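Note sheet for the following structure.
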Amino acid sequence: MLQSLLFTKTRKEAPKDEVSKNADLLIRAGFIHKEMAGVYSFLPLGLRVIEKIKNIVREEMNATYGQEMQLTALQDKDVWEKSGRWNDEVIDVWFKTDLKAGGELGLAPTHEEPLTSLMKNFIRSYRDLPLYPYQFQTKFRNETRAKSGILRGREFLMKDLYSFSKDENEHTVFYDKMSKIYRDIFEKVGLGEHTYFTLASGGSFSKFSHEFQTVTSAGEDTIFVCEKCKMAVNKEIIEDQKMCPQCKNEDLVEKTSIEVGNIFNLGTRFSDTLNLTYLDDKGKPQAVFMGSYGIGIGRLMGTIVEVLADEKGIVWPKSVAPFLVHLIVVGESDEVKNSAQKIYDELNTQKVEVLFDDRDVRAGEKFADSDLIGIPYRIVISEKTLAEKSAEIKVRATGNTEMRPLADLKVDAIAVLDAF
RNA sequence: CGGGGCGUGGUGUAACGGCUAACAUGCUUGUUUUGGGAACAAGUGACUCCGGGUUCGAAUCCCGGCGCCCCGACCA
């Protein structure tokens with residue numbers, strides 16, 4: 001992509017109404033735009049990151065027999081009344097509205113009800129189970145206080161998968177598998193070493209659930225971490241659960257963190273109230289045993305910024321970066337421009353995702369913008385580098401800068417970059 | 001929802017109740033520059049959040065809204 005055609009521009013100054021690092025950097029670098037408190041639009045660069053994260057999650061979900069679908073954002077009041085969660089005292093973040101022709105509907109804050117209800121059309125027999133439908137969906141929650149940029153909004157994108165199992169044993173096997181997969185996901189998006197599998201309250205569903213908590217001062221949760229087993233306990237249940245499974249109390253260290261994912265054992269909470277049953281091999285009806293598994297996609301993006309950014313700007317891990325390479329041409333001569341254009345074409349041919357800063361601005365501005373935007377590799381083409389028939393390659397995360405022959409880039413750019 | 005702070009060109013700020021609302025940045029044009037946010041010059045751009053009130057006179061004071069941020073409460 002040509003940066004000269006990108007409609008977003010970077011800003012030098014932070015918007016005065018944003019204090020949180022993630023919103024400050026993401027707005028200044030042109031990834032997101034704030035519409036109102038807790039509501040953000042994703043701009044071209046930001047959407048690319050969102051799609052990267054979604055694809056990582058999607059791959060993992062599909063690999064465990066997840067079936068992607070998409071439920072509606074608008075919700076029928078009836079099904080929520082049956083489960084007992086239409087009441088504002090039960091779910092206090094409802095956005096509700098009236099139909100012009102009469103009748104009420106809501107904007108989905110979560111999707112257990114509609115999916116359970118929908119699956120009644122497809123689950124009949126034990127032969128139909130287990131099933132793992134999932135979606136990426138915008139959730140709406142009327143939070144009394146939106147905060148921390150995109151970490152806690154009123155409208156946000158979430159991946160939610162629901163497991164439909166024959167019984168608790170079958171559910172537990174999947175639940176454990178999913179907790180492992182979640183760890184892989186957070187590893188892949190670059191938060192592995194900061195993210196802890198955390199025992200937490202199960203809310204109204206069960207005694208315990210598991211959260212994935214990423215340690216960052218921008219978070220709003222408090223967890224007690226055991227470095228030995230890389231697990232944690234949420235403060236909300238520290239009284240009930242004096243220690244994590246393998247460790248002693250004195251090993252626990254208090255940390256501030258943000259919940260980037262959670263997995264719940266729903267039991268038969270929804271299949272009972274919404275009457276979702278299957279016939280077992282003896283022809284007797286049984287309640288379907290359910291679980292839910294969520295990851296806040298936008299929140300994950302914000303958390304990556306919070307955890308990995310430095311004083312110059314964002315630092316994207318390769319896996320979620322909007323582009324792998326930020327190609328920068330320095331100099332006005334035709335020779336330099338043509339060489340840079342050739343490299344750009346070459347990288348595109350090699351299917352390397354590259355943002356080409358072909359703008360007619362000074363080097364300093366390009367470098368500052370590049371640091372702010374945070375693309376993993378910066379490749380500079382200039383008179384200097386051409387004199388050596390080379391390009392300068394800089395790794396955003398480490399600052400490591402070295403020259404590499406243009407010829408090598410033309411053969412296999414990825415190999416050259418991977419060598420860093 | 002309780003407490004605190006704040007609303008001024010696109011962005012960030014300034015302005016005692018008193019001149020044509022200032023400065024920086026951005027953007028446009030020109031000249032010179034060209035490896036870490038260049039220099040000069042000329043331009044562009046604001047019903048000072050909205051509605052009332054006080055006053056000869058309001059960005060400024062008062063009342064009422066609305067919006068944004070922060071702390072707390074809340075967070076299936």
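We name chains A, B, ... following the order of the structure tokens; residues begin at 1 in each chain, and ligands are numbered from 1 as shown.
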
### Message
Taking only C-alpha atoms (C1' of nucleotides) into account and nothing else, which residues of chain A lie no more than 7 Å away from chain B? Please answer as a PyMOL selection string.
### Response
chain A and resi 13+17-18+91+331+362-365+367-368

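Residues within 12 Å of A42 in chain B, counting only C-alpha atoms (C1' of nucleotides) and excluding same-chain residues fewer than 6 positions away, are U28, U29, G30 and U31 of chain B.
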
Those same residues, written as a compact mmCIF listing (two decimals), in the first residue's frame with N, CA and C atoms (P, O5', C5', C4', C3', O3' and C1' of nucleotides)?
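Just written: out.txt:
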# COMPACT_ATOMS: atom_id res chain seq x y z
P U B 28 -1.28 20.80 1.62
O5' U B 28 -1.68 22.22 1.04
C5' U B 28 -2.92 22.38 0.34
C4' U B 28 -3.00 23.78 -0.21
C3' U B 28 -1.76 24.25 -0.95
O3' U B 28 -1.74 23.80 -2.29
C1' U B 28 -2.44 25.92 0.58
P U B 29 -0.32 23.50 -2.99
O5' U B 29 0.23 24.98 -3.23
C5' U B 29 -0.44 25.87 -4.11
C4' U B 29 0.28 27.20 -4.15
C3' U B 29 1.79 27.11 -4.30
O3' U B 29 2.20 26.90 -5.64
C1' U B 29 1.26 28.66 -2.60
P G B 30 3.60 26.16 -5.92
O5' G B 30 4.66 27.29 -5.56
C5' G B 30 4.73 28.48 -6.34
C4' G B 30 5.70 29.44 -5.72
C3' G B 30 7.11 28.90 -5.46
O3' G B 30 7.91 28.89 -6.64
C1' G B 30 6.37 30.12 -3.58
P U B 31 9.12 27.84 -6.76
O5' U B 31 10.22 28.46 -5.80
C5' U B 31 10.92 29.64 -6.17
C4' U B 31 11.83 30.08 -5.06
C3' U B 31 12.84 29.03 -4.59
O3' U B 31 13.98 28.96 -5.43
C1' U B 31 11.80 30.02 -2.72

### Task
Within range 149-218 of chain A, find each residue whose DSSP state, derived from the backbone, is strand (DSSP E or B), and express the selection as a ChimeraX atom specification.
/A:152,155-165,195-201,208-215

For those residues, write C-alpha atoms to a file as a PDB file, in the first residue's frame.
ATOM      1  CA  ARG A 152     -13.602  -0.936  27.915  1.00  0.00           C
ATOM      2  CA  GLU A 155     -19.573  -1.287  21.504  1.00  0.00           C
ATOM      3  CA  PHE A 156     -16.832  -3.809  20.933  1.00  0.00           C
ATOM      4  CA  LEU A 157     -15.867  -6.796  18.834  1.00  0.00           C
ATOM      5  CA  MET A 158     -15.723 -10.180  20.512  1.00  0.00           C
ATOM      6  CA  LYS A 159     -15.060 -13.724  19.480  1.00  0.00           C
ATOM      7  CA  ASP A 160     -17.446 -15.976  21.310  1.00  0.00           C
ATOM      8  CA  LEU A 161     -17.578 -19.713  20.942  1.00  0.00           C
ATOM      9  CA  TYR A 162     -20.137 -21.911  22.669  1.00  0.00           C
ATOM     10  CA  SER A 163     -19.705 -25.594  23.288  1.00  0.00           C
ATOM     11  CA  PHE A 164     -22.665 -27.958  23.203  1.00  0.00           C
ATOM     12  CA  SER A 165     -21.739 -31.278  24.780  1.00  0.00           C
ATOM     13  CA  THR A 195      -0.688 -13.373  30.211  1.00  0.00           C
ATOM     14  CA  TYR A 196      -1.780 -15.687  33.004  1.00  0.00           C
ATOM     15  CA  PHE A 197      -4.323 -18.453  33.146  1.00  0.00           C
ATOM     16  CA  THR A 198      -6.362 -17.199  36.069  1.00  0.00           C
ATOM     17  CA  LEU A 199      -8.873 -18.819  38.345  1.00  0.00           C
ATOM     18  CA  ALA A 200     -11.828 -16.475  38.746  1.00  0.00           C
ATOM     19  CA  SER A 201     -15.408 -16.279  39.844  1.00  0.00           C
ATOM     20  CA  PHE A 208     -15.313 -20.777  39.209  1.00  0.00           C
ATOM     21  CA  SER A 209     -14.387 -19.809  35.693  1.00  0.00           C
ATOM     22  CA  HIS A 210     -11.051 -19.179  34.075  1.00  0.00           C
ATOM     23  CA  GLU A 211      -9.800 -15.879  32.788  1.00  0.00           C
ATOM     24  CA  PHE A 212      -6.775 -14.963  30.772  1.00  0.00           C
ATOM     25  CA  GLN A 213      -5.285 -11.926  32.413  1.00  0.00           C
ATOM     26  CA  THR A 214      -2.556  -9.822  30.851  1.00  0.00           C
ATOM     27  CA  VAL A 215      -0.421  -7.899  33.285  1.00  0.00           C
TER      28      VAL A 215
END

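For the pair CA of Arg404 in chain A and CA of Gly313 in chain A, the separation is 25.3 Å.
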
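Proximity to Val305 in chain A was assessed for A:Arg58, A:Lys139, A:Arg378, A:Lys21 counting only C-alpha atoms; the smallest distance is recorded for A:Lys21.
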